[in-house]
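*Asks:* As input, take start_31.pdb (PDB, C-alpha atoms):
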```pdb
ATOM      1  CA  MET A   1       9.760 -32.663 155.936
ATOM      2  CA  THR A   2       8.154 -30.224 158.352
ATOM      3  CA  THR A   3      10.273 -27.081 158.303
ATOM      4  CA  THR A   4       7.655 -25.044 160.110
ATOM      5  CA  GLN A   5       8.285 -26.791 163.434
ATOM      6  CA  THR A   6       9.493 -24.506 166.184
ATOM      7  CA  LEU A   7      13.239 -24.240 166.729
ATOM      8  CA  ARG A   8      14.764 -24.583 170.188
ATOM      9  CA  PRO A   9      17.444 -22.136 171.369
ATOM     10  CA  GLY A  10      20.747 -22.609 169.519
ATOM     11  CA  GLU A  11      19.322 -24.759 166.718
ATOM     12  CA  VAL A  12      20.676 -24.024 163.232
ATOM     13  CA  VAL A  13      18.805 -24.754 160.000
ATOM     14  CA  SER A  14      20.548 -25.394 156.668
ATOM     15  CA  ASP A  15      19.512 -22.895 154.012
ATOM     16  CA  THR A  16      20.875 -25.102 151.212
ATOM     17  CA  PRO A  17      18.165 -27.263 149.598
ATOM     18  CA  LEU A  18      18.934 -30.993 149.809
ATOM     19  CA  PRO A  19      19.959 -32.411 146.420
ATOM     20  CA  VAL A  20      18.271 -35.548 145.063
ATOM     21  CA  ASP A  21      21.191 -37.908 144.501
ATOM     22  CA  ALA A  22      19.620 -41.357 144.863
ATOM     23  CA  THR A  23      16.240 -42.955 145.457
ATOM     24  CA  LEU A  24      14.978 -45.459 147.995
ATOM     25  CA  ALA A  25      12.342 -48.165 147.627
ATOM     26  CA  PHE A  26      10.280 -49.120 150.657
ATOM     27  CA  ILE A  27      10.387 -52.924 150.865
ATOM     28  CA  GLY A  28       7.920 -53.347 153.708
ATOM     29  CA  HIS A  29       6.888 -51.712 156.958
ATOM     30  CA  ILE A  30       7.285 -52.044 160.714
ATOM     31  CA  GLU A  31       4.516 -52.595 163.283
ATOM     32  CA  THR A  32       5.260 -51.477 166.846
ATOM     33  CA  PRO A  33       3.180 -50.659 169.945
ATOM     34  CA  TRP A  34       3.873 -46.906 169.483
ATOM     35  CA  HIS A  35       1.553 -44.784 167.373
ATOM     36  CA  HIS A  36       3.058 -41.342 168.047
ATOM     37  CA  ARG A  37       6.682 -40.236 168.134
ATOM     38  CA  ALA A  38       6.295 -38.964 171.680
ATOM     39  CA  ASP A  39       5.446 -42.506 172.847
ATOM     40  CA  CYS A  40       8.562 -44.162 171.374
ATOM     41  CA  PRO A  41      11.420 -45.146 173.684
ATOM     42  CA  ARG A  42      14.649 -43.220 173.078
ATOM     43  CA  GLN A  43      16.492 -46.446 172.364
ATOM     44  CA  GLY A  44      15.095 -49.908 171.662
ATOM     45  CA  ASP A  45      15.917 -52.813 173.968
ATOM     46  CA  PRO A  46      16.753 -56.015 172.064
ATOM     47  CA  VAL A  47      16.393 -58.121 175.218
ATOM     48  CA  ALA A  48      13.484 -56.731 177.242
ATOM     49  CA  GLY A  49      11.719 -54.643 174.569
ATOM     50  CA  PRO A  50       8.253 -55.629 173.304
ATOM     51  CA  ASP A  51       7.819 -57.885 170.264
ATOM     52  CA  CYS A  52       7.531 -55.845 167.065
ATOM     53  CA  THR A  53       6.747 -57.076 163.553
ATOM     54  CA  ILE A  54       8.608 -56.429 160.314
ATOM     55  CA  VAL A  55       6.393 -57.094 157.289
ATOM     56  CA  LEU A  56       8.079 -57.642 153.902
ATOM     57  CA  ASN A  57       6.456 -56.784 150.571
ATOM     58  CA  MET A  58       6.730 -59.239 147.677
ATOM     59  CA  PRO A  59       9.151 -60.173 146.140
ATOM     60  CA  TRP A  60      11.459 -59.197 149.014
ATOM     61  CA  ASP A  61       9.959 -61.759 151.398
ATOM     62  CA  GLN A  62      11.952 -64.369 149.431
ATOM     63  CA  ALA A  63      15.109 -62.468 150.343
ATOM     64  CA  LEU A  64      14.614 -63.572 153.989
ATOM     65  CA  ASP A  65      15.866 -67.038 153.027
ATOM     66  CA  GLY A  66      18.461 -68.136 155.602
ATOM     67  CA  ILE A  67      17.740 -65.354 158.105
ATOM     68  CA  GLU A  68      16.745 -67.750 160.910
ATOM     69  CA  GLN A  69      20.404 -68.557 161.605
ATOM     70  CA  PHE A  70      21.033 -65.052 162.977
ATOM     71  CA  GLU A  71      20.044 -63.990 166.480
ATOM     72  CA  ARG A  72      20.808 -60.332 165.829
ATOM     73  CA  LEU A  73      19.968 -58.148 162.830
ATOM     74  CA  ASP A  74      20.568 -54.542 161.817
ATOM     75  CA  ILE A  75      17.285 -52.937 160.681
ATOM     76  CA  LEU A  76      17.311 -49.784 158.536
ATOM     77  CA  TYR A  77      14.103 -47.776 158.206
ATOM     78  CA  TRP A  78      12.903 -44.423 156.897
ATOM     79  CA  LEU A  79      12.000 -41.872 159.585
ATOM     80  CA  HIS A  80       9.148 -40.485 157.529
ATOM     81  CA  GLN A  81       7.993 -37.940 160.108
ATOM     82  CA  SER A  82      11.361 -36.195 160.479
ATOM     83  CA  ARG A  83      12.453 -32.816 159.204
ATOM     84  CA  ARG A  84      15.828 -32.991 157.412
ATOM     85  CA  ASP A  85      17.303 -29.506 157.652
ATOM     86  CA  LEU A  86      18.782 -29.160 161.161
ATOM     87  CA  VAL A  87      22.582 -28.791 161.327
ATOM     88  CA  LEU A  88      22.718 -28.059 165.083
ATOM     89  CA  GLN A  89      20.065 -29.477 167.420
ATOM     90  CA  ASN A  90      19.146 -28.909 171.026
ATOM     91  CA  PRO A  91      17.299 -32.044 172.107
ATOM     92  CA  LYS A  92      15.469 -32.162 175.406
ATOM     93  CA  HIS A  93      18.031 -34.520 176.967
ATOM     94  CA  ALA A  94      21.088 -32.420 175.927
ATOM     95  CA  GLU A  95      22.687 -29.627 177.913
ATOM     96  CA  ALA A  96      23.570 -27.496 174.873
ATOM     97  CA  PRO A  97      23.084 -27.534 171.070
ATOM     98  CA  ARG A  98      25.118 -30.207 169.274
ATOM     99  CA  GLY A  99      25.815 -31.193 165.698
ATOM    100  CA  THR A 100      23.322 -33.572 164.095
ATOM    101  CA  PHE A 101      26.055 -36.196 163.592
ATOM    102  CA  SER A 102      26.867 -36.323 167.297
ATOM    103  CA  LEU A 103      23.244 -37.276 168.003
ATOM    104  CA  ARG A 104      21.103 -40.302 167.155
ATOM    105  CA  SER A 105      18.091 -38.000 166.776
ATOM    106  CA  PRO A 106      15.623 -38.904 163.973
ATOM    107  CA  ILE A 107      16.222 -35.417 162.522
ATOM    108  CA  ARG A 108      19.072 -35.757 159.974
ATOM    109  CA  PRO A 109      19.644 -34.875 156.298
ATOM    110  CA  ASN A 110      18.953 -38.514 155.391
ATOM    111  CA  PRO A 111      16.529 -39.645 158.105
ATOM    112  CA  ILE A 112      17.466 -43.315 158.222
ATOM    113  CA  GLY A 113      16.911 -45.120 161.504
ATOM    114  CA  LEU A 114      19.171 -47.981 162.537
ATOM    115  CA  SER A 115      18.383 -50.524 165.259
ATOM    116  CA  ASN A 116      20.128 -53.716 166.249
ATOM    117  CA  VAL A 117      17.396 -56.214 167.100
ATOM    118  CA  GLN A 118      16.983 -59.713 168.432
ATOM    119  CA  LEU A 119      15.228 -62.030 165.972
ATOM    120  CA  VAL A 120      12.540 -63.846 167.960
ATOM    121  CA  ARG A 121      11.156 -65.817 165.005
ATOM    122  CA  ARG A 122      10.166 -65.720 161.366
ATOM    123  CA  ASP A 123       6.492 -66.139 160.403
ATOM    124  CA  GLY A 124       6.540 -66.421 156.608
ATOM    125  CA  THR A 125       6.798 -62.887 155.257
ATOM    126  CA  ARG A 126       7.079 -61.433 158.774
ATOM    127  CA  LEU A 127       9.877 -61.205 161.317
ATOM    128  CA  ILE A 128       9.105 -60.878 165.021
ATOM    129  CA  VAL A 129      11.913 -58.869 166.628
ATOM    130  CA  ARG A 130      12.811 -56.980 169.823
ATOM    131  CA  GLY A 131      14.811 -53.758 170.001
ATOM    132  CA  LEU A 132      12.944 -51.309 167.776
ATOM    133  CA  GLU A 133      12.027 -47.778 168.839
ATOM    134  CA  CYS A 134      10.096 -46.368 165.839
ATOM    135  CA  VAL A 135       6.406 -45.524 165.370
ATOM    136  CA  SER A 136       4.095 -48.158 163.923
ATOM    137  CA  GLY A 137       3.870 -47.860 160.142
ATOM    138  CA  THR A 138       7.505 -46.840 159.633
ATOM    139  CA  PRO A 139       8.731 -47.840 156.137
ATOM    140  CA  LEU A 140      11.401 -50.564 155.960
ATOM    141  CA  ILE A 141      14.572 -50.014 153.918
ATOM    142  CA  ASP A 142      16.959 -52.888 154.690
ATOM    143  CA  ILE A 143      17.735 -55.892 156.905
ATOM    144  CA  LYS A 144      21.329 -57.054 157.452
ATOM    145  CA  PRO A 145      22.763 -59.813 159.639
ATOM    146  CA  ASP A 146      24.654 -58.382 162.620
ATOM    147  CA  ARG A 147      28.245 -57.854 161.500
ATOM    148  CA  CYS A 148      29.747 -59.813 164.384
ATOM    149  CA  GLN A 149      27.506 -62.816 163.817
ATOM    150  CA  PHE A 150      27.940 -62.689 160.081
ATOM    151  CA  THR A 151      31.730 -63.040 159.983
ATOM    152  CA  PRO A 152      32.010 -66.682 161.058
ATOM    153  CA  VAL A 153      29.289 -67.787 158.647
ATOM    154  CA  GLY A 154      31.061 -66.457 155.565
TER     155      GLY A 154
ATOM    156  CA  MET B   1      22.114 -50.519 138.561
ATOM    157  CA  THR B   2      23.829 -53.018 136.260
ATOM    158  CA  THR B   3      21.264 -55.684 135.532
ATOM    159  CA  THR B   4      23.300 -57.151 132.700
ATOM    160  CA  GLN B   5      25.888 -58.685 135.029
ATOM    161  CA  THR B   6      26.124 -62.440 134.867
ATOM    162  CA  LEU B   7      24.095 -64.431 137.373
ATOM    163  CA  ARG B   8      25.653 -67.257 139.388
ATOM    164  CA  PRO B   9      23.803 -70.595 139.755
ATOM    165  CA  GLY B  10      20.698 -70.298 141.955
ATOM    166  CA  GLU B  11      20.543 -66.502 141.883
ATOM    167  CA  VAL B  12      17.035 -65.002 141.553
ATOM    168  CA  VAL B  13      16.287 -61.567 140.091
ATOM    169  CA  SER B  14      13.219 -59.535 141.040
ATOM    170  CA  ASP B  15      11.060 -58.753 138.009
ATOM    171  CA  THR B  16       9.175 -56.010 139.893
ATOM    172  CA  PRO B  17      10.604 -52.533 139.224
ATOM    173  CA  LEU B  18      11.750 -50.769 142.398
ATOM    174  CA  PRO B  19       9.375 -47.947 143.377
ATOM    175  CA  VAL B  20      10.715 -44.460 144.149
ATOM    176  CA  ASP B  21       9.462 -43.822 147.670
ATOM    177  CA  ALA B  22      12.049 -41.402 149.103
ATOM    178  CA  THR B  23      15.165 -39.538 148.027
ATOM    179  CA  LEU B  24      18.668 -39.335 149.469
ATOM    180  CA  ALA B  25      21.097 -36.418 149.491
ATOM    181  CA  PHE B  26      24.814 -37.169 149.397
ATOM    182  CA  ILE B  27      26.387 -35.102 152.179
ATOM    183  CA  GLY B  28      30.017 -35.871 151.408
ATOM    184  CA  HIS B  29      32.240 -38.709 150.245
ATOM    185  CA  ILE B  30      34.668 -41.296 151.548
ATOM    186  CA  GLU B  31      38.331 -41.690 150.584
ATOM    187  CA  THR B  32      39.859 -45.143 151.060
ATOM    188  CA  PRO B  33      42.946 -46.975 149.738
ATOM    189  CA  TRP B  34      40.742 -49.147 147.483
ATOM    190  CA  HIS B  35      39.883 -48.028 143.953
ATOM    191  CA  HIS B  36      38.060 -51.147 142.703
ATOM    192  CA  ARG B  37      35.460 -53.295 144.424
ATOM    193  CA  ALA B  38      37.618 -56.388 144.004
ATOM    194  CA  ASP B  39      40.327 -54.749 146.160
ATOM    195  CA  CYS B  40      38.053 -53.961 149.127
ATOM    196  CA  PRO B  41      38.235 -56.114 152.263
ATOM    197  CA  ARG B  42      35.087 -58.131 152.980
ATOM    198  CA  GLN B  43      34.730 -56.421 156.345
ATOM    199  CA  GLY B  44      36.477 -53.314 157.668
ATOM    200  CA  ASP B  45      38.685 -53.528 160.758
ATOM    201  CA  PRO B  46      38.127 -50.618 163.180
ATOM    202  CA  VAL B  47      41.322 -51.428 165.077
ATOM    203  CA  ALA B  48      43.948 -52.539 162.548
ATOM    204  CA  GLY B  49      42.408 -51.215 159.321
ATOM    205  CA  PRO B  50      44.053 -48.365 157.369
ATOM    206  CA  ASP B  51      43.147 -44.733 158.014
ATOM    207  CA  CYS B  52      40.335 -43.590 155.704
ATOM    208  CA  THR B  53      38.914 -40.081 155.309
ATOM    209  CA  ILE B  54      35.303 -38.929 155.427
ATOM    210  CA  VAL B  55      34.867 -35.537 153.745
ATOM    211  CA  LEU B  56      31.743 -33.504 154.557
ATOM    212  CA  ASN B  57      30.123 -31.043 152.148
ATOM    213  CA  MET B  58      28.938 -27.675 153.438
ATOM    214  CA  PRO B  59      26.791 -27.003 155.422
ATOM    215  CA  TRP B  60      26.934 -30.499 156.919
ATOM    216  CA  ASP B  61      30.501 -30.053 158.190
ATOM    217  CA  GLN B  62      28.949 -27.897 160.980
ATOM    218  CA  ALA B  63      26.870 -30.917 161.986
ATOM    219  CA  LEU B  64      30.108 -32.615 163.185
ATOM    220  CA  ASP B  65      30.046 -30.380 166.277
ATOM    221  CA  GLY B  66      30.627 -32.556 169.350
ATOM    222  CA  ILE B  67      31.682 -35.683 167.447
ATOM    223  CA  GLU B  68      35.152 -35.842 169.026
ATOM    224  CA  GLN B  69      33.687 -37.282 172.236
ATOM    225  CA  PHE B  70      32.845 -40.564 170.507
ATOM    226  CA  GLU B  71      35.423 -43.268 169.817
ATOM    227  CA  ARG B  72      33.069 -45.285 167.646
ATOM    228  CA  LEU B  73      30.691 -44.149 164.907
ATOM    229  CA  ASP B  74      28.209 -45.826 162.565
ATOM    230  CA  ILE B  75      28.829 -44.698 158.980
ATOM    231  CA  LEU B  76      26.112 -45.074 156.316
ATOM    232  CA  TYR B  77      27.074 -44.784 152.650
ATOM    233  CA  TRP B  78      25.596 -45.400 149.227
ATOM    234  CA  LEU B  79      26.983 -48.423 147.389
ATOM    235  CA  HIS B  80      26.793 -46.674 144.039
ATOM    236  CA  GLN B  81      28.253 -49.544 141.997
ATOM    237  CA  SER B  82      25.750 -52.160 143.150
ATOM    238  CA  ARG B  83      22.874 -53.712 141.266
ATOM    239  CA  ARG B  84      19.644 -53.691 143.288
ATOM    240  CA  ASP B  85      17.522 -56.506 141.891
ATOM    241  CA  LEU B  86      18.844 -59.761 143.415
ATOM    242  CA  VAL B  87      16.473 -61.588 145.773
ATOM    243  CA  LEU B  88      18.655 -64.700 146.162
ATOM    244  CA  GLN B  89      22.427 -64.463 145.837
ATOM    245  CA  ASN B  90      25.229 -66.988 145.581
ATOM    246  CA  PRO B  91      28.347 -65.162 146.734
ATOM    247  CA  LYS B  92      31.769 -66.709 146.254
ATOM    248  CA  HIS B  93      32.174 -67.404 149.982
ATOM    249  CA  ALA B  94      28.771 -69.115 150.389
ATOM    250  CA  GLU B  95      27.998 -72.778 149.963
ATOM    251  CA  ALA B  96      24.544 -72.251 148.423
ATOM    252  CA  PRO B  97      22.281 -69.383 147.316
ATOM    253  CA  ARG B  98      20.877 -67.313 150.185
ATOM    254  CA  GLY B  99      18.394 -64.488 150.600
ATOM    255  CA  THR B 100      19.779 -60.978 150.220
ATOM    256  CA  PHE B 101      18.782 -60.138 153.818
ATOM    257  CA  SER B 102      20.858 -62.984 155.239
ATOM    258  CA  LEU B 103      23.962 -61.486 153.593
ATOM    259  CA  ARG B 104      25.893 -58.251 154.081
ATOM    260  CA  SER B 105      26.582 -58.164 150.325
ATOM    261  CA  PRO B 106      26.557 -54.690 148.696
ATOM    262  CA  ILE B 107      23.829 -55.984 146.350
ATOM    263  CA  ARG B 108      20.468 -55.123 147.978
ATOM    264  CA  PRO B 109      17.258 -53.287 146.988
ATOM    265  CA  ASN B 110      18.512 -50.210 148.876
ATOM    266  CA  PRO B 111      22.292 -50.487 148.583
ATOM    267  CA  ILE B 112      23.250 -48.763 151.828
ATOM    268  CA  GLY B 113      26.549 -49.780 153.389
ATOM    269  CA  LEU B 114      26.975 -49.687 157.167
ATOM    270  CA  SER B 115      30.322 -49.767 158.996
ATOM    271  CA  ASN B 116      31.175 -49.251 162.630
ATOM    272  CA  VAL B 117      34.428 -47.275 162.694
ATOM    273  CA  GLN B 118      36.973 -45.977 165.170
ATOM    274  CA  LEU B 119      37.288 -42.178 165.061
ATOM    275  CA  VAL B 120      41.024 -41.431 164.917
ATOM    276  CA  ARG B 121      40.642 -37.644 164.725
ATOM    277  CA  ARG B 122      38.715 -34.758 163.218
ATOM    278  CA  ASP B 123      40.504 -32.391 160.801
ATOM    279  CA  GLY B 124      37.999 -29.562 160.236
ATOM    280  CA  THR B 125      35.514 -30.835 157.640
ATOM    281  CA  ARG B 126      37.163 -34.276 157.568
ATOM    282  CA  LEU B 127      37.082 -37.285 159.853
ATOM    283  CA  ILE B 128      39.958 -39.775 159.881
ATOM    284  CA  VAL B 129      38.536 -43.205 160.729
ATOM    285  CA  ARG B 130      39.413 -46.920 160.687
ATOM    286  CA  GLY B 131      37.027 -49.752 159.825
ATOM    287  CA  LEU B 132      35.691 -48.918 156.373
ATOM    288  CA  GLU B 133      35.586 -51.402 153.496
ATOM    289  CA  CYS B 134      34.183 -49.379 150.554
ATOM    290  CA  VAL B 135      35.816 -48.091 147.353
ATOM    291  CA  SER B 136      37.283 -44.609 147.326
ATOM    292  CA  GLY B 137      34.738 -42.041 146.148
ATOM    293  CA  THR B 138      31.748 -43.718 147.806
ATOM    294  CA  PRO B 139      28.996 -41.167 148.605
ATOM    295  CA  LEU B 140      28.303 -40.481 152.294
ATOM    296  CA  ILE B 141      24.737 -40.630 153.648
ATOM    297  CA  ASP B 142      24.932 -40.398 157.444
ATOM    298  CA  ILE B 143      27.137 -40.466 160.549
ATOM    299  CA  LYS B 144      25.747 -41.576 163.933
ATOM    300  CA  PRO B 145      27.432 -42.036 167.302
ATOM    301  CA  ASP B 146      27.748 -45.717 168.201
ATOM    302  CA  ARG B 147      24.582 -46.673 170.044
ATOM    303  CA  CYS B 148      26.398 -48.127 173.056
ATOM    304  CA  GLN B 149      28.570 -45.061 173.515
ATOM    305  CA  PHE B 150      25.676 -42.715 172.929
ATOM    306  CA  THR B 151      23.415 -43.963 175.717
ATOM    307  CA  PRO B 152      25.362 -42.618 178.717
ATOM    308  CA  VAL B 153      25.777 -39.206 177.096
ATOM    309  CA  GLY B 154      22.049 -38.574 176.690
TER     310      GLY B 154
END
```
Just dump the structure as structure tokens.
*Replies:*
Amino acid sequence: MTTTQTLRPGEVVSDTPLPVDATLAFIGHIETPWHHRADCPRQGDPVAGPDCTIVLNMPWDQALDGIEQFERLDILYWLHQSRRDLVLQNPKHAEAPRGTFSLRSPIRPNPIGLSNVQLVRRDGTRLIVRGLECVSGTPLIDIKPDRCQFTPVG
Amino acid sequence: MTTTQTLRPGEVVSDTPLPVDATLAFIGHIETPWHHRADCPRQGDPVAGPDCTIVLNMPWDQALDGIEQFERLDILYWLHQSRRDLVLQNPKHAEAPRGTFSLRSPIRPNPIGLSNVQLVRRDGTRLIVRGLECVSGTPLIDIKPDRCQFTPVG
């Protein structure tokens, strides 16, 4: 968390420390063409976006069993470069400050990124996907089948 | 984490302890009609599902500013009753054991639930929504505008 970053006009910082209520385990990482936040697209493109790679750590690579049947996946990842204390934000693209929960900005109390991706193929412990928008090296938290595609399988 | 629960045939447990790589702060909780996991629907219905309530803790209620413009939201919550150690699972509805990441089961190394809901209305620090499927009392982690609805606003 970098709380020393400059605030834009109208931004409001929480002065309540974040409690520690649960813990996350990184189960792998994500490799993308973008090495700095400023280079990342604002929103990934699951059709025309570049191939990115999701690398699973053992033993969670085994948990990919059966994933090939899904064309679309929800990917959850930890936005490790984000500050967590902004309640109101004034992003470059916005006309006025807005609440954190009416933005998909990486700055949030629990900085979890969520992308819906196209699964191009599985290579053993790796998934090649399109539709991500995070920096290379971003820690992986979860992979879920797309909810619409999952229903008929169950 | 309840690792003493019975395993079904073909289920595989990780014997590697989960590392602690990041921490989460609960920013509120969710009230639903369901008080036990067995009562919850398998998938929430954002159109015909019952009204549920998302209650924000201070100061994160301020971060709802601007949310009324979105009809659909992604809600992230912590599945606090779930074990976290299953690599392969054999859910009741499945024909054979499958990898955790090819299921939307609440059992996962990072038990984060994700629902896309319809926003019915905001009542101050509360959101009334349809489409959830979790037990009442589930801790809230994040609220994001639906990605499709968010794009044109930016």
*Asks:* Please determine, counting all atoms listed in the file, which residue among A:Gly99, A:Gly66, A:Pro41, A:Gly124 has the shortest atom-to-atom distance to Ser14 of chain A.
*Replies:*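 The shortest atom-to-atom distance to Ser14 of chain A comes from A:Gly99.
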*Asks:* Take chain B, lay it over chain A with a least-squares fit on all the Cα atoms in order, then hand it over as a short mmCIF file (atom, residue, chain, number, x, y, z; two decimals) with C-alpha atoms, in the frame of the given file.
*Replies:*
```cif
data_model
loop_
_atom_site.label_atom_id
_atom_site.label_comp_id
_atom_site.auth_asym_id
_atom_site.auth_seq_id
_atom_site.Cartn_x
_atom_site.Cartn_y
_atom_site.Cartn_z
CA MET B 1 9.82 -32.53 155.88
CA THR B 2 8.17 -30.11 158.32
CA THR B 3 10.31 -27.01 158.28
CA THR B 4 7.70 -24.95 160.10
CA GLN B 5 8.30 -26.69 163.43
CA THR B 6 9.52 -24.44 166.19
CA LEU B 7 13.26 -24.21 166.73
CA ARG B 8 14.79 -24.56 170.20
CA PRO B 9 17.50 -22.10 171.36
CA GLY B 10 20.79 -22.60 169.50
CA GLU B 11 19.34 -24.74 166.72
CA VAL B 12 20.69 -24.02 163.21
CA VAL B 13 18.81 -24.74 159.98
CA SER B 14 20.54 -25.40 156.67
CA ASP B 15 19.50 -22.89 154.01
CA THR B 16 20.87 -25.10 151.20
CA PRO B 17 18.16 -27.26 149.59
CA LEU B 18 18.92 -30.99 149.81
CA PRO B 19 19.94 -32.42 146.42
CA VAL B 20 18.27 -35.56 145.05
CA ASP B 21 21.19 -37.91 144.50
CA ALA B 22 19.62 -41.37 144.87
CA THR B 23 16.23 -42.96 145.45
CA LEU B 24 14.97 -45.47 148.00
CA ALA B 25 12.33 -48.18 147.62
CA PHE B 26 10.27 -49.13 150.65
CA ILE B 27 10.38 -52.93 150.86
CA GLY B 28 7.92 -53.36 153.71
CA HIS B 29 6.88 -51.74 156.97
CA ILE B 30 7.28 -52.07 160.71
CA GLU B 31 4.52 -52.60 163.28
CA THR B 32 5.26 -51.49 166.84
CA PRO B 33 3.18 -50.69 169.95
CA TRP B 34 3.86 -46.95 169.49
CA HIS B 35 1.54 -44.80 167.38
CA HIS B 36 3.05 -41.35 168.06
CA ARG B 37 6.67 -40.25 168.16
CA ALA B 38 6.27 -38.97 171.71
CA ASP B 39 5.42 -42.53 172.86
CA CYS B 40 8.54 -44.18 171.39
CA PRO B 41 11.41 -45.17 173.68
CA ARG B 42 14.63 -43.23 173.10
CA GLN B 43 16.47 -46.46 172.37
CA GLY B 44 15.07 -49.93 171.66
CA ASP B 45 15.90 -52.83 173.97
CA PRO B 46 16.75 -56.04 172.06
CA VAL B 47 16.39 -58.15 175.21
CA ALA B 48 13.48 -56.75 177.24
CA GLY B 49 11.71 -54.67 174.58
CA PRO B 50 8.24 -55.65 173.29
CA ASP B 51 7.81 -57.90 170.27
CA CYS B 52 7.52 -55.85 167.06
CA THR B 53 6.75 -57.10 163.55
CA ILE B 54 8.60 -56.44 160.31
CA VAL B 55 6.39 -57.11 157.28
CA LEU B 56 8.07 -57.66 153.90
CA ASN B 57 6.46 -56.79 150.56
CA MET B 58 6.74 -59.23 147.66
CA PRO B 59 9.15 -60.17 146.15
CA TRP B 60 11.46 -59.20 149.01
CA ASP B 61 9.95 -61.76 151.40
CA GLN B 62 11.96 -64.39 149.42
CA ALA B 63 15.12 -62.48 150.33
CA LEU B 64 14.61 -63.59 153.98
CA ASP B 65 15.87 -67.06 153.03
CA GLY B 66 18.46 -68.15 155.60
CA ILE B 67 17.75 -65.37 158.11
CA GLU B 68 16.74 -67.75 160.92
CA GLN B 69 20.40 -68.57 161.61
CA PHE B 70 21.04 -65.07 162.97
CA GLU B 71 20.04 -64.00 166.47
CA ARG B 72 20.81 -60.35 165.82
CA LEU B 73 19.96 -58.17 162.83
CA ASP B 74 20.56 -54.55 161.82
CA ILE B 75 17.29 -52.95 160.69
CA LEU B 76 17.30 -49.79 158.54
CA TYR B 77 14.09 -47.77 158.22
CA TRP B 78 12.92 -44.42 156.92
CA LEU B 79 12.00 -41.89 159.60
CA HIS B 80 9.15 -40.50 157.53
CA GLN B 81 7.98 -37.94 160.11
CA SER B 82 11.35 -36.21 160.48
CA ARG B 83 12.45 -32.83 159.21
CA ARG B 84 15.81 -32.99 157.42
CA ASP B 85 17.28 -29.50 157.66
CA LEU B 86 18.78 -29.15 161.16
CA VAL B 87 22.57 -28.78 161.32
CA LEU B 88 22.71 -28.07 165.07
CA GLN B 89 20.07 -29.47 167.41
CA ASN B 90 19.16 -28.89 171.03
CA PRO B 91 17.31 -32.01 172.12
CA LYS B 92 15.48 -32.11 175.43
CA HIS B 93 18.04 -34.47 176.99
CA ALA B 94 21.09 -32.39 175.95
CA GLU B 95 22.72 -29.61 177.90
CA ALA B 96 23.60 -27.48 174.86
CA PRO B 97 23.11 -27.52 171.07
CA ARG B 98 25.11 -30.21 169.27
CA GLY B 99 25.82 -31.20 165.69
CA THR B 100 23.32 -33.57 164.09
CA PHE B 101 26.06 -36.19 163.58
CA SER B 102 26.86 -36.32 167.29
CA LEU B 103 23.24 -37.28 168.01
CA ARG B 104 21.10 -40.30 167.16
CA SER B 105 18.09 -38.00 166.77
CA PRO B 106 15.62 -38.91 163.98
CA ILE B 107 16.22 -35.42 162.53
CA ARG B 108 19.06 -35.75 159.98
CA PRO B 109 19.64 -34.88 156.30
CA ASN B 110 18.94 -38.53 155.39
CA PRO B 111 16.52 -39.65 158.10
CA ILE B 112 17.46 -43.32 158.23
CA GLY B 113 16.89 -45.11 161.52
CA LEU B 114 19.16 -47.98 162.54
CA SER B 115 18.38 -50.54 165.27
CA ASN B 116 20.12 -53.73 166.25
CA VAL B 117 17.38 -56.23 167.10
CA GLN B 118 16.99 -59.74 168.45
CA LEU B 119 15.22 -62.05 165.97
CA VAL B 120 12.52 -63.86 167.96
CA ARG B 121 11.14 -65.83 165.01
CA ARG B 122 10.16 -65.73 161.35
CA ASP B 123 6.48 -66.15 160.40
CA GLY B 124 6.53 -66.45 156.59
CA THR B 125 6.79 -62.89 155.24
CA ARG B 126 7.08 -61.44 158.76
CA LEU B 127 9.87 -61.22 161.30
CA ILE B 128 9.10 -60.90 165.01
CA VAL B 129 11.90 -58.89 166.63
CA ARG B 130 12.80 -57.00 169.82
CA GLY B 131 14.80 -53.77 170.00
CA LEU B 132 12.94 -51.32 167.77
CA GLU B 133 12.03 -47.79 168.83
CA CYS B 134 10.09 -46.37 165.84
CA VAL B 135 6.40 -45.54 165.37
CA SER B 136 4.10 -48.17 163.92
CA GLY B 137 3.86 -47.87 160.14
CA THR B 138 7.49 -46.85 159.63
CA PRO B 139 8.73 -47.85 156.14
CA LEU B 140 11.40 -50.57 155.96
CA ILE B 141 14.58 -50.02 153.93
CA ASP B 142 16.95 -52.90 154.70
CA ILE B 143 17.74 -55.90 156.91
CA LYS B 144 21.34 -57.06 157.45
CA PRO B 145 22.77 -59.82 159.63
CA ASP B 146 24.64 -58.38 162.62
CA ARG B 147 28.23 -57.86 161.52
CA CYS B 148 29.73 -59.82 164.42
CA GLN B 149 27.50 -62.82 163.84
CA PHE B 150 27.96 -62.66 160.10
CA THR B 151 31.74 -62.98 160.03
CA PRO B 152 32.06 -66.65 161.05
CA VAL B 153 29.35 -67.71 158.59
CA GLY B 154 31.13 -66.33 155.53
#
```
*Asks:* Rounded to one decimal, what separation in Å do you get between atom CA of Trp34 of chain A and atom CA of Gly137 of chain A?
*Replies:*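 About the pair atom CA of Trp34 of chain A and atom CA of Gly137 of chain A: they are 9.4 Å apart.
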*Asks:* Counting only C-alpha atoms, which of B:His36, B:His29, B:Arg83, B:His93 gets nearest to chain A?
*Replies:* B:His93
*Asks:* So which residues touch Asp146 of chain B within 8 Å, counting all atoms listed in the file, skipping near sequence neighbours fewer than 2 positions away, as a PyMOL selection string?
*Replies:* chain B and resi 70+72-74+116+144+148-150
*Asks:* In terms of the shortest atom-to-atom distance over all atoms listed in the file, which of B:Ala22, B:Val120, B:Val13, B:Ile54 is closest to chain A?
*Replies:* B:Ala22
*Asks:* Determine, counting only C-alpha atoms, which protein, DNA and RNA residues have an atom within 9 Å of an atom of segment 102-104 of chain A; residues of the same chain fewer than 4 positions away are not included. Present the result as a list in words.
*Replies:*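 The filter keeps Gln89, Pro91, Arg98, Arg108 and Gly113 of chain A; Ala63, Leu64, Asp65, Gly66, Ile67, Glu68, Gln69, Phe70, Ile143, Lys144, Pro145, Asp146, Arg147, Phe150 and Gly154 of chain B.
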